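J.: Following this line is protein37.cif, made up of mmCIF, C-alpha atoms, pLDDT in the B column; chains and numbers go by the auth columns:
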data_work
#
loop_
_atom_site.group_PDB
_atom_site.id
_atom_site.type_symbol
_atom_site.label_atom_id
_atom_site.label_comp_id
_atom_site.label_asym_id
_atom_site.label_seq_id
_atom_site.Cartn_x
_atom_site.Cartn_y
_atom_site.Cartn_z
_atom_site.B_iso_or_equiv
_atom_site.auth_seq_id
_atom_site.auth_asym_id
ATOM 1 C CA MET A 1 38.798 -35.661 128.342 40.00 22 A
ATOM 2 C CA ARG A 2 38.594 -37.476 131.688 40.00 23 A
ATOM 3 C CA GLN A 3 34.863 -38.010 131.046 39.00 24 A
ATOM 4 C CA LEU A 4 35.613 -39.890 127.819 37.00 25 A
ATOM 5 C CA HIS A 5 38.015 -42.236 129.605 39.00 26 A
ATOM 6 C CA VAL A 6 35.438 -42.821 132.345 34.00 27 A
ATOM 7 C CA ALA A 7 32.793 -43.448 129.670 37.00 28 A
ATOM 8 C CA VAL A 8 34.946 -46.083 127.951 39.00 29 A
ATOM 9 C CA TRP A 9 35.681 -47.725 131.315 37.00 30 A
ATOM 10 C CA ALA A 10 31.968 -47.649 132.225 36.00 31 A
ATOM 11 C CA LEU A 11 31.100 -49.167 128.837 40.00 32 A
ATOM 12 C CA ALA A 12 33.567 -51.963 129.521 43.00 33 A
ATOM 13 C CA CYS A 13 31.866 -52.619 132.867 38.00 34 A
ATOM 14 C CA VAL A 14 28.420 -52.665 131.268 38.00 35 A
ATOM 15 C CA CYS A 15 29.669 -55.139 128.663 43.00 36 A
ATOM 16 C CA GLY A 16 30.325 -57.610 131.471 41.00 37 A
ATOM 17 C CA LEU A 17 34.069 -57.343 131.791 43.00 38 A
ATOM 18 C CA GLY A 18 34.178 -57.006 135.528 43.00 39 A
ATOM 19 C CA CYS A 19 35.809 -53.874 136.934 44.00 40 A
ATOM 20 C CA PRO A 20 38.786 -54.095 137.081 47.00 41 A
ATOM 21 C CA GLY A 21 40.242 -57.551 136.760 49.00 42 A
ATOM 22 C CA THR A 22 41.414 -60.240 134.433 53.00 43 A
ATOM 23 C CA ALA A 23 39.600 -62.612 132.145 56.00 44 A
ATOM 24 C CA SER A 24 38.715 -65.995 133.565 58.00 45 A
ATOM 25 C CA ALA A 25 36.591 -68.984 132.645 60.00 46 A
ATOM 26 C CA GLU A 26 33.527 -67.159 134.008 75.00 47 A
ATOM 27 C CA THR A 27 34.178 -63.915 132.123 75.00 48 A
ATOM 28 C CA THR A 28 31.579 -62.891 129.598 83.00 49 A
ATOM 29 C CA ASN A 29 32.542 -63.111 125.950 86.00 50 A
ATOM 30 C CA VAL A 30 32.387 -59.774 124.169 87.00 51 A
ATOM 31 C CA LEU A 31 31.685 -59.406 120.462 85.00 52 A
ATOM 32 C CA LEU A 32 32.007 -55.881 119.142 83.00 53 A
ATOM 33 C CA ILE A 33 30.693 -55.246 115.644 79.00 54 A
ATOM 34 C CA VAL A 34 31.807 -51.857 114.396 76.00 55 A
ATOM 35 C CA VAL A 35 29.936 -50.197 111.559 67.00 56 A
ATOM 36 C CA ASP A 36 30.665 -46.779 110.191 60.00 57 A
ATOM 37 C CA ASP A 37 30.556 -45.318 106.718 54.00 58 A
ATOM 38 C CA LEU A 38 27.144 -46.982 106.466 59.00 59 A
ATOM 39 C CA ARG A 39 23.713 -46.414 107.804 69.00 60 A
ATOM 40 C CA PRO A 40 22.611 -49.293 110.025 74.00 61 A
ATOM 41 C CA GLU A 41 19.827 -50.303 107.681 81.00 62 A
ATOM 42 C CA LEU A 42 19.030 -53.647 109.239 85.00 63 A
ATOM 43 C CA ALA A 43 15.770 -55.114 110.477 88.00 64 A
ATOM 44 C CA ALA A 44 17.039 -54.750 114.056 88.00 65 A
ATOM 45 C CA TYR A 45 17.108 -50.982 113.508 87.00 66 A
ATOM 46 C CA GLY A 46 13.596 -50.801 112.092 88.00 67 A
ATOM 47 C CA PHE A 47 14.218 -51.467 108.398 88.00 68 A
ATOM 48 C CA PRO A 48 12.177 -54.651 107.774 89.00 69 A
ATOM 49 C CA HIS A 49 12.911 -54.629 104.030 91.00 70 A
ATOM 50 C CA VAL A 50 16.482 -55.714 104.832 87.00 71 A
ATOM 51 C CA ILE A 51 16.567 -59.462 105.314 88.00 72 A
ATOM 52 C CA SER A 52 19.241 -60.130 107.911 86.00 73 A
ATOM 53 C CA PRO A 53 17.951 -63.019 110.042 91.00 74 A
ATOM 54 C CA TYR A 54 21.200 -63.789 111.902 90.00 75 A
ATOM 55 C CA ILE A 55 21.890 -60.197 112.901 87.00 76 A
ATOM 56 C CA THR A 56 18.194 -59.691 113.743 90.00 77 A
ATOM 57 C CA ASN A 57 18.142 -62.721 116.044 93.00 78 A
ATOM 58 C CA PHE A 58 21.480 -61.790 117.583 91.00 79 A
ATOM 59 C CA ALA A 59 20.246 -58.234 118.251 90.00 80 A
ATOM 60 C CA LYS A 60 17.314 -59.590 120.283 92.00 81 A
ATOM 61 C CA THR A 61 19.692 -60.827 122.989 91.00 82 A
ATOM 62 C CA ALA A 62 22.624 -58.434 122.515 89.00 83 A
ATOM 63 C CA THR A 63 23.131 -54.848 123.577 88.00 84 A
ATOM 64 C CA LEU A 64 21.990 -52.800 120.606 84.00 85 A
ATOM 65 C CA PHE A 65 23.216 -49.212 120.541 81.00 86 A
ATOM 66 C CA THR A 66 20.754 -46.945 118.771 81.00 87 A
ATOM 67 C CA GLY A 67 22.293 -43.533 119.445 78.00 88 A
ATOM 68 C CA ALA A 68 25.601 -43.512 117.612 69.00 89 A
ATOM 69 C CA TYR A 69 27.619 -40.413 116.890 74.00 90 A
ATOM 70 C CA CYS A 70 30.903 -39.850 115.126 75.00 91 A
ATOM 71 C CA GLN A 71 33.618 -37.434 116.163 80.00 92 A
ATOM 72 C CA PHE A 72 34.760 -36.514 112.677 85.00 93 A
ATOM 73 C CA SER A 73 33.409 -36.709 109.155 84.00 94 A
ATOM 74 C CA ILE A 74 36.112 -39.021 107.785 86.00 95 A
ATOM 75 C CA CYS A 75 37.082 -42.516 108.795 86.00 96 A
ATOM 76 C CA ALA A 76 40.523 -42.500 110.450 91.00 97 A
ATOM 77 C CA PRO A 77 39.883 -39.639 112.895 92.00 98 A
ATOM 78 C CA SER A 78 36.483 -41.052 113.856 89.00 99 A
ATOM 79 C CA ARG A 79 37.756 -44.607 114.360 90.00 100 A
ATOM 80 C CA THR A 80 40.844 -43.425 116.255 94.00 101 A
ATOM 81 C CA SER A 81 38.625 -41.342 118.525 93.00 102 A
ATOM 82 C CA PHE A 82 36.239 -44.233 119.163 90.00 103 A
ATOM 83 C CA LEU A 83 39.021 -46.750 119.798 93.00 104 A
ATOM 84 C CA THR A 84 41.094 -44.506 122.096 96.00 105 A
ATOM 85 C CA GLY A 85 38.299 -42.624 123.837 94.00 106 A
ATOM 86 C CA ARG A 86 39.948 -39.327 122.916 95.00 107 A
ATOM 87 C CA ARG A 87 38.808 -36.473 120.742 94.00 108 A
ATOM 88 C CA PRO A 88 40.468 -35.790 117.374 95.00 109 A
ATOM 89 C CA SER A 89 41.809 -32.550 118.856 95.00 110 A
ATOM 90 C CA THR A 90 43.778 -34.735 121.304 95.00 111 A
ATOM 91 C CA THR A 91 44.814 -37.518 118.901 96.00 112 A
ATOM 92 C CA LYS A 92 45.747 -34.962 116.210 96.00 113 A
ATOM 93 C CA VAL A 93 44.358 -37.355 113.609 95.00 114 A
ATOM 94 C CA PHE A 94 42.492 -35.250 111.053 95.00 115 A
ATOM 95 C CA ASP A 95 43.278 -37.178 107.855 94.00 116 A
ATOM 96 C CA LEU A 96 43.706 -40.716 106.543 93.00 117 A
ATOM 97 C CA ASN A 97 47.491 -40.856 106.976 94.00 118 A
ATOM 98 C CA THR A 98 48.326 -39.812 110.546 95.00 119 A
ATOM 99 C CA TYR A 99 49.059 -42.703 112.922 96.00 120 A
ATOM 100 C CA PHE A 100 47.968 -41.701 116.413 97.00 121 A
ATOM 101 C CA ARG A 101 50.897 -43.499 118.082 96.00 122 A
ATOM 102 C CA ASN A 102 53.286 -41.139 116.247 97.00 123 A
ATOM 103 C CA VAL A 103 51.644 -38.107 117.893 97.00 124 A
ATOM 104 C CA PRO A 104 53.471 -36.776 120.993 96.00 125 A
ATOM 105 C CA GLY A 105 51.517 -37.802 124.076 95.00 126 A
ATOM 106 C CA MET A 106 49.631 -40.591 122.270 96.00 127 A
ATOM 107 C CA GLU A 107 52.446 -43.158 122.018 96.00 128 A
ATOM 108 C CA ASP A 108 51.164 -45.157 124.994 96.00 129 A
ATOM 109 C CA ALA A 109 47.437 -44.706 124.380 97.00 130 A
ATOM 110 C CA VAL A 110 45.430 -47.801 125.240 97.00 131 A
ATOM 111 C CA THR A 111 42.892 -48.714 122.594 97.00 132 A
ATOM 112 C CA LEU A 112 39.630 -50.523 123.290 96.00 133 A
ATOM 113 C CA PRO A 113 40.901 -53.891 121.981 95.00 134 A
ATOM 114 C CA GLN A 114 44.162 -53.345 123.867 97.00 135 A
ATOM 115 C CA PHE A 115 42.152 -52.739 127.059 96.00 136 A
ATOM 116 C CA PHE A 116 40.638 -56.215 126.687 95.00 137 A
ATOM 117 C CA LYS A 117 44.028 -57.715 125.797 96.00 138 A
ATOM 118 C CA ASN A 118 45.621 -56.220 128.908 96.00 139 A
ATOM 119 C CA ARG A 119 42.984 -57.971 131.022 94.00 140 A
ATOM 120 C CA GLY A 120 43.684 -61.423 129.650 93.00 141 A
ATOM 121 C CA TYR A 121 41.142 -61.617 126.846 94.00 142 A
ATOM 122 C CA ARG A 122 41.912 -63.224 123.516 93.00 143 A
ATOM 123 C CA VAL A 123 41.457 -60.320 121.117 94.00 144 A
ATOM 124 C CA ALA A 124 41.127 -60.864 117.388 92.00 145 A
ATOM 125 C CA GLY A 125 40.055 -58.549 114.621 90.00 146 A
ATOM 126 C CA ASN A 126 39.176 -58.621 110.962 88.00 147 A
ATOM 127 C CA GLY A 127 37.608 -56.314 108.460 83.00 148 A
ATOM 128 C CA LYS A 128 37.985 -52.615 109.077 84.00 149 A
ATOM 129 C CA ILE A 129 38.355 -51.757 112.769 88.00 150 A
ATOM 130 C CA PHE A 130 41.193 -49.232 112.552 89.00 151 A
ATOM 131 C CA HIS A 131 41.480 -47.329 109.282 86.00 152 A
ATOM 132 C CA PRO A 132 43.850 -49.472 107.186 85.00 153 A
ATOM 133 C CA GLY A 133 47.207 -48.246 105.962 88.00 154 A
ATOM 134 C CA PRO A 134 49.288 -45.433 107.430 91.00 155 A
ATOM 135 C CA ALA A 135 46.571 -44.380 109.909 91.00 156 A
ATOM 136 C CA SER A 136 46.999 -47.696 111.749 92.00 157 A
ATOM 137 C CA GLY A 137 50.763 -47.986 111.416 92.00 158 A
ATOM 138 C CA ASP A 138 50.388 -50.155 108.295 91.00 159 A
ATOM 139 C CA ASP A 139 49.756 -53.149 110.593 91.00 160 A
ATOM 140 C CA ASP A 140 46.219 -52.576 111.956 92.00 161 A
ATOM 141 C CA ASP A 141 47.806 -51.368 115.220 94.00 162 A
ATOM 142 C CA ALA A 142 49.281 -54.796 115.987 94.00 163 A
ATOM 143 C CA ILE A 143 49.881 -53.891 119.648 95.00 164 A
ATOM 144 C CA SER A 144 46.101 -53.932 120.177 95.00 165 A
ATOM 145 C CA TRP A 145 45.589 -57.604 119.319 94.00 166 A
ATOM 146 C CA THR A 146 46.574 -60.969 120.768 94.00 167 A
ATOM 147 C CA GLU A 147 46.032 -62.703 117.426 92.00 168 A
ATOM 148 C CA PRO A 148 47.437 -61.675 114.042 89.00 169 A
ATOM 149 C CA TYR A 149 44.898 -59.405 112.378 88.00 170 A
ATOM 150 C CA TYR A 150 42.926 -61.424 109.841 86.00 171 A
ATOM 151 C CA HIS A 151 42.693 -60.265 106.253 80.00 172 A
ATOM 152 C CA SER A 152 40.565 -62.193 103.805 78.00 173 A
ATOM 153 C CA PRO A 153 42.539 -63.887 100.998 75.00 174 A
ATOM 154 C CA ASN A 154 40.549 -61.921 98.422 69.00 175 A
ATOM 155 C CA GLU A 155 41.082 -58.582 100.163 67.00 176 A
ATOM 156 C CA ARG A 156 43.340 -56.239 98.240 60.00 177 A
ATOM 157 C CA GLU A 157 46.135 -54.551 100.123 56.00 178 A
ATOM 158 C CA PHE A 158 45.336 -50.978 101.035 50.00 179 A
ATOM 159 C CA GLY A 159 47.269 -48.382 99.107 46.00 180 A
ATOM 160 C CA ARG A 160 48.813 -50.747 96.583 44.00 181 A
ATOM 161 C CA GLN A 161 45.937 -50.897 94.183 47.00 182 A
ATOM 162 C CA THR A 162 43.284 -48.312 93.516 44.00 183 A
ATOM 163 C CA LEU A 163 39.775 -49.682 93.394 46.00 184 A
ATOM 164 C CA SER A 164 37.155 -48.203 91.156 44.00 185 A
ATOM 165 C CA TRP A 165 33.446 -48.735 91.486 42.00 186 A
ATOM 166 C CA GLN A 166 33.608 -51.185 88.531 46.00 187 A
ATOM 167 C CA ASP A 167 35.890 -53.467 90.593 51.00 188 A
ATOM 168 C CA ARG A 168 33.197 -53.808 93.240 48.00 189 A
ATOM 169 C CA ILE A 169 30.484 -55.279 91.003 45.00 190 A
#
Any chance you could put this one into structure tokens?

T.:
Amino acid sequence: MRQLHVAVWALACVCGLGCPGTASAETTNVLLIVVDDLRPELAAYGFPHVISPYITNFAKTATLFTGAYCQFSICAPSRTSFLTGRRPSTTKVFDLNTYFRNVPGMEDAVTLPQFFKNRGYRVAGNGKIFHPGPASGDDDDAISWTEPYYHSPNEREFGRQTLSWQDRI
């Protein structure tokens, strides 16, 4: 487990955060784009049939991770593991309903966005970073962010309405 924490800390150093310290005017901006549940079928990953000029150009100057692995075969455990640097066997998140901060020993876990926040960064999120609903405390783990988590006006609240595939077309 110590290796995972060191790996997350090392990743933060590689991303230009400075080790350790606080954010300042000279600190590098960090943009983290999280994709799971999908294959990264983008031109930047060798799929030229996908026309994604902005991401393709951005990837030319950004750090592009090509060896991605998930810790668990469903969303909430995998995202919780990635964002806390701890295995699902430690977080005890094995489903879509368990909130890791309600697990004994995980109450004070520092998430990746919270790590940035604690060092003076402005941290904002939107989309699906933590698994929405009960698995993120029904508030997208608000303690991790400096800004209120953004939800699109046309986004339906998780758990209040069931979506079918017909609703997506």

J.: At what distance in Å, to one decimal, does CA of Leu53 (chain A) lie from CA of Pro98 (chain A)?

T.: 19.1 Å

J.: How many Å lie between CA of Arg143 (chain A) and CA of Thr48 (chain A), rounded to one decimal?

T.: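 Separation between CA of Arg143 (chain A) and CA of Thr48 (chain A): 11.6 Å.
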
J.: Point out the residue among A:Gly126, A:Ala65, A:His172, A:Val51 with the least atom-to-atom distance to Lys138 (chain A), counting all atoms listed in the file.

T.: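 Once distances to Lys138 (chain A) are computed over all atoms listed in the file, the minimum belongs to A:Val51.
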
J.: Which residues match the PyMOL selection byres ((chain A and resi 154) around 12) in the file above, as a PyMOL selection string?

T.: chain A and resi 96-97+116-120+149-153+155-162+177-181

J.: Given the choices A:Phe86, A:Ala145, A:Val114, A:Ala130, which gets closest to Ser99 (chain A) if the distance is worked out from only C-alpha atoms?

T.: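 Smallest separation from Ser99 (chain A) among the options: A:Val114.
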
J.: Do you have the CA of Ala64 (chain A)-CA of Tyr90 (chain A) distance handy?

T.: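 If I compute the distance from CA of Ala64 (chain A) to CA of Tyr90 (chain A), I get 19.9 Å.
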
J.: With distances taken over only C-alpha atoms, which of A:Gly148, A:Pro134, A:Pro174, A:Gly67 is nearest to Gly106 (chain A)?

T.: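 The answer is A:Pro134, which sits nearest to Gly106 (chain A).
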
J.: Just need the box for region 160-173 of chain A, edges along x, y and z, holding every atom the file lists for it with 8 Å tacked onto each side, so centre and edge lengths in Å to one decimal, as JSON.

T.:
{"center_x": 45.2, "center_y": -57.0, "center_z": 112.3, "size_x": 25.3, "size_y": 27.3, "size_z": 33.0}

J.: Nearest to Ser102 (chain A): which of A:Val144, A:Ile72, A:Ala163, A:Met127 is it, counting all atoms listed in the file?

T.: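 Looking at the shortest contact to Ser102 (chain A), the residue is A:Met127.
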